[in-house]
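Read through the structure below, which is laid out as structure tokens, and then see the notes.
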Amino acid sequence: MTTEPLPDYATKSFWLETAGPYEESPPLEESIQADVTVVGGGFTGLSTAYHVKKAGPGLRVVLIEDRVIGYGASGRNAGFAMTLFGLTLGLTRSFFGEEGARQAHHYMERAVDYVGELVREHDLKCDYERPGFLRAATTPGYAKRIQEEIEVAHRLGIEGISWLTKEELAQEVRSPLYLGAWWEPRCALVNPARLAREMKRVCLEHGVEIYERTPAREIRRGTAITVSTPKGSIRTERLVLATNAWSHLIPAIKPKQVPAWTYIVLTEPLTPDHFAEIGWQNRQGIEDARNLVHYYRLTADNRLLMGGGDIGIAYGKNMDRDSHERIWRDLAGHIVQIFPSLKGVRITHRWGGPVSVPVDMAPAIGTLGDERVVWSLGCMGHGVSLTHLNGLTISQLLRGEQTELTEVFFVNRRTIPWPPEPLRWVASVAIRGYMRAEDRIYERNMPAPEGTLPYQPSDPPAHVN
Ligand SMILES: Cc1cc2nc3c(=O)[nH]c(=O)nc-3n(C[C@H](O)[C@H](O)[C@H](O)COP(=O)(O)OP(=O)(O)OC[C@H]3O[C@@H](n4cnc5c(N)ncnc54)[C@H](O)[C@@H]3O)c2cc1C
């Protein structure tokens with residue numbers, strides 16, 4: 001019997017619970033000086049710190065993380081390294097024009113490939129696979145929506161995306177709801193907590209100093225920048241805010257984004273009999289075409305991960321929304337709706353985490369007027385690939401270089417501020433309400449799920465006790 005409580009991070013996702021023994025870096029307990037300081041130990045912070053140090057081995061590069069590496073979205077996500085930039089390609093084109101949408105997609109293509117390059121170059125042990133991506137149509141309305149998106153892509157000259165007919169899709173994955181799918185080979189899957197911890201290893205090997213359990217409490221900008229932490233401080237020449245969904249807690253970038261929570265359920269490992277029914281031998285990452293999208297995939301040990309379907313919203317500074325019974329129950333029901341033959345399979349893990357949402361639902365990188373401070377946020381639910389390439393882009397920005405990456409339109413783009421509370425909350429709830437209502441219209445003739453799956457948590461592995 002476990003008597004010790006689990007470490008805070010271990011309860012935050014299956015990935016963080018099972019990634020193996022973890023040695024935390026010590027907190028900062030003195031006053032130090034740095035050339036570059038990165039706040040936030042997710043993919044953005046880790047990739048930035050690595051690229052800054054790689055390009056300038058003589059620089060003192062410090063990364064501080066409030067909890068532990070991968071505690072945020074980076075250790076909890078579904079692990080799709082995909083090309084999606086904003087909410088949809090069509091919406092990106094509406095907000096940023098044809099050239100913007102084309103540029104964004106090409107950046108994302110490069111980002112997906114870049115994750116693979118990093119994995120190979122540093123032998124990152126993160127269960128990397130590249131099975132491709134299906135956006136499956138589950139109603140005739142969604143089939144039309146997907147086909148229109150594919151047309152948008154083709155009109156923009158984007159290649160590598162095609163429509164699979166119902167019959168072609170059934171050769172891959174079998175569901176009574178499937179009517180066809182968007183097929184895109186450029187999508188990889190990772191174990192995100194392992195990827196974050198492996199990027200920590202690479203950072204340490206390159207000489208980045210990492211302090212965990214070290215929140216930035218106050219940032220003061222004068223001739224130098226000073227970051228205060230509970231037991232120390234850093235006087236730094238340059239600063240990167242890689243705080244993602246927590247960014248509204250930092251006064252200087254407060255209105256640029258709001259956090260929204262997305263949730264996941266995970267089954268016990270599926271058996272060969274299950275796969276005989278549903279196919280899925282090629283293990284693609286799958287989404288549907290809802291506004292409040294479902295995303296699902298297989299883990300290395302053949303569990304089915306199902307996420308999305310609805311989002312959680314919090315008021316003001318509250319970041320305590322990682323659990324949501326109703327959404328978890330709906331997600332378990334959705335597994336049976338898509339794959340009726342999985343009825344009775346156990347749900348063993350459930351979790352949630354915050355993503356960062358700007359008003360126009362698209363990522364942004366910028367400086368705080370003062371070019372010494374760079375921020376990056378708004379990766380929505382699509383940051384796994386993006387954040388890794390963003391780290392390279394930010395390192396070039398910090399060096400004052402002008403490159404193809406730093407010239408991309410979403411670097412230093414204008415962001416639309418969220419209003420202060422209570423209007424922020426009202427606006428978020430209204431947007432979510434609109435998205436839900438439209439999804440219901442698209443699904444009005446969809447058969448309801450027949451039951452749900454039981455939740456029976458398994459004991460955590462011994463190493464987390
Ligand atoms: C459930 C879920 C599923 C997702 N699925 C996918 C997916 O399949 N594919 C995809 O591409 N994207 C997905 N995403 C989104 C993706 O995970 C994020 O876009 C990405 O991880 C963002 O990385 P980051 O480093 O910018 O932020 P985070 O990983 O959130 O890191 C920010 C870090 O900053 C730390 N921090 C905050 N404030 C401070 C402070 N004051 N001082 C010090 N540290 C601080 C936090 O503790 C946190 O560790 C998903 C997200 C969630 C939550």
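All residue names refer to the structure tokens as shown: chains lettered A, B, ... in order, residues numbered from 1 in each chain, ligands numbered from 1 in order.
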
- Message: Taking only C-alpha atoms and all ligand atoms into account, list the residues no farther than 6 Å from ligand 1, as JSON, numbers by chain.
- Response: {"A": [39, 40, 41, 42, 43, 44, 45, 64, 65, 66, 67, 69, 70, 71, 72, 73, 74, 76, 77, 78, 79, 80, 81, 82, 215, 216, 217, 242, 243, 244, 245, 246, 262, 263, 264, 352, 353, 354, 355, 379, 380, 381, 382, 383, 384, 385]}

Counting only C-alpha atoms, which residues of segment 248-301 of chain A fall within 12 Å of segment 398-416 of chain A, and what is the closest atom pair for each with its distance in Å at one decimal, ordered by chain and rising number, as CSV?
residue,atom,partner,partner_atom,distance
A:Ile253,CA,A:Thr415,CA,10.5
A:Lys254,CA,A:Thr415,CA,11.7
A:Pro255,CA,A:Ile416,CA,8.3
A:Lys256,CA,A:Thr415,CA,6.5
A:Gln257,CA,A:Ile416,CA,9.0
A:Val258,CA,A:Ile416,CA,11.8

- Query: Hey, what's within 9 Å of Arg290 of chain A if we count only C-alpha atoms and toss same-chain stuff fewer than 6 positions away? As an MDAnalysis selection string, please?
  - Reply: chainID A and resid 142 309 435:436 438:439 442

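Within 9 Å of segment 23-34 of chain A, once only C-alpha atoms are used and residues closer than 4 positions along the same chain are dropped, the contacting residues are Leu59, Arg60, Val61, Val62, Ile64, Glu65, Val68, Ile69, Ile210, Tyr211, Glu212, Arg213, Thr214, Ser228, Thr229, Pro230, Lys231, Gly232, Ser233, Ile234, Arg235, Thr236, Glu237 and Arg238 of chain A.
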
- Query: What does the distance between atom CA of Glu148 of chain A and atom CA of Leu389 of chain A come to in Å, to one decimal place?
  - Reply: 28.6 Å

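Using only C-alpha atoms, the shortest contact distance between Arg303 of chain A and any of A:Ala188, A:Val265, A:Ile441, A:Leu46 is found at A:Val265.
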
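Across A:Glu287, A:Asp301, A:Asp127, A:Glu198, the tightest approach to Ser47 of chain A is made by A:Glu198 when counting only C-alpha atoms.
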
- Can you list, as a ChimeraX atom specification, every protein, DNA or RNA residue that comes within 12 Å of Gly141 of chain A when you count only C-alpha atoms, leaving out same-chain residues fewer than 3 positions away? /A:136-138,144-148,179-180,288-290,438-446

Can I get the selected residues back with C-alpha atoms, as a tab-separated table (two decimals), in the first residue's frame?
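New file selection.tsv:
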chain	number	residue	atom	x	y	z
A	136	ALA	CA	-11.97	11.29	-39.92
A	137	ALA	CA	-15.43	12.43	-41.04
A	138	THR	CA	-18.09	11.13	-38.66
A	144	LYS	CA	-18.03	18.26	-46.53
A	145	ARG	CA	-16.11	20.44	-44.09
A	146	ILE	CA	-12.98	18.27	-44.42
A	147	GLN	CA	-13.18	18.17	-48.21
A	148	GLU	CA	-13.49	21.97	-48.29
A	179	LEU	CA	-17.35	8.34	-43.97
A	180	GLY	CA	-13.87	9.21	-45.25
A	288	ASP	CA	-12.45	14.44	-36.09
A	289	ALA	CA	-13.65	17.67	-37.70
A	290	ARG	CA	-15.50	19.19	-34.74
A	438	GLU	CA	-22.28	24.36	-34.16
A	439	ASP	CA	-20.92	20.90	-33.30
A	440	ARG	CA	-24.42	19.84	-32.19
A	441	ILE	CA	-25.87	20.98	-35.52
A	442	TYR	CA	-23.28	18.95	-37.45
A	443	GLU	CA	-24.05	15.92	-35.25
A	444	ARG	CA	-27.85	16.14	-35.08
A	445	ASN	CA	-28.32	12.78	-36.86
A	446	MET	CA	-25.40	11.02	-35.22

- Pick out the residues sitting within 8 Å of Glu268 of chain A, and hand them over as number ranges by chain; count only C-alpha atoms, and ignore anything fewer than 4 positions along from it in its own chain. A: 303-304, 345-348

Those same residues, written as a JSON list (two decimals), in the first residue's frame with N, CA and C atoms?
[["chain", "number", "residue", "atom", "x", "y", "z"],
["A", 303, "ARG", "N", -2.44, 1.20, -25.62],
["A", 303, "ARG", "CA", -3.63, 1.78, -24.98],
["A", 303, "ARG", "C", -4.23, 2.79, -25.95],
["A", 304, "LEU", "N", -5.53, 3.01, -25.83],
["A", 304, "LEU", "CA", -6.17, 4.02, -26.66],
["A", 304, "LEU", "C", -6.30, 5.30, -25.85],
["A", 345, "VAL", "N", -13.93, -2.25, -22.19],
["A", 345, "VAL", "CA", -12.52, -1.97, -21.94],
["A", 345, "VAL", "C", -12.42, -0.95, -20.80],
["A", 346, "ARG", "N", -11.41, -1.10, -19.96],
["A", 346, "ARG", "CA", -11.27, -0.25, -18.77],
["A", 346, "ARG", "C", -10.57, 1.07, -19.08],
["A", 347, "ILE", "N", -11.06, 2.15, -18.51],
["A", 347, "ILE", "CA", -10.29, 3.41, -18.51],
["A", 347, "ILE", "C", -9.39, 3.36, -17.27],
["A", 348, "THR", "N", -8.08, 3.53, -17.46],
["A", 348, "THR", "CA", -7.17, 3.44, -16.32],
["A", 348, "THR", "C", -6.61, 4.80, -15.89]]

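The residue set within 12 Å of Arg155 of chain A, counting only C-alpha atoms and dropping same-chain residues fewer than 4 places from it, reads A:Leu89, A:Gly90, A:Arg93, A:Glu98, A:Glu99, A:Ala101, A:Arg102, A:Glu148, A:Glu149, A:Ile150, A:Glu151, A:Glu159, A:Ile161.
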
For C-alpha atoms, I'd like the residues from the last selection saved as a PDB file, in the first residue's frame.
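What ended up in again-v4.pdb:
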ATOM      1  CA  LEU A  89      -6.305  26.198 -42.166  1.00  0.00           C
ATOM      2  CA  GLY A  90      -9.403  28.078 -43.373  1.00  0.00           C
ATOM      3  CA  ARG A  93      -6.353  32.115 -44.101  1.00  0.00           C
ATOM      4  CA  GLU A  98      -3.354  33.384 -48.245  1.00  0.00           C
ATOM      5  CA  GLU A  99       0.344  34.133 -47.878  1.00  0.00           C
ATOM      6  CA  ALA A 101      -1.701  30.562 -44.240  1.00  0.00           C
ATOM      7  CA  ARG A 102       0.871  29.199 -46.718  1.00  0.00           C
ATOM      8  CA  GLU A 148     -13.486  21.966 -48.291  1.00  0.00           C
ATOM      9  CA  GLU A 149     -10.398  22.265 -46.056  1.00  0.00           C
ATOM     10  CA  ILE A 150      -8.480  19.982 -48.414  1.00  0.00           C
ATOM     11  CA  GLU A 151      -9.531  22.224 -51.318  1.00  0.00           C
ATOM     12  CA  GLU A 159       0.855  19.265 -50.998  1.00  0.00           C
ATOM     13  CA  ILE A 161      -2.879  16.065 -47.993  1.00  0.00           C
TER      14      ILE A 161
END

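As for atom CA of Leu134 of chain A and atom CA of Pro185 of chain A, they are spaced 8.6 Å apart.
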
- Task: Run DSSP on the backbone and give me the residues of segment 165-307 of chain A it puts in strand (DSSP E), as a PyMOL selection string.
- Result: chain A and resi 165+180-184+188-189+209-211+218-221+225-229+232-241+258-269+285-287+294-298+303-307
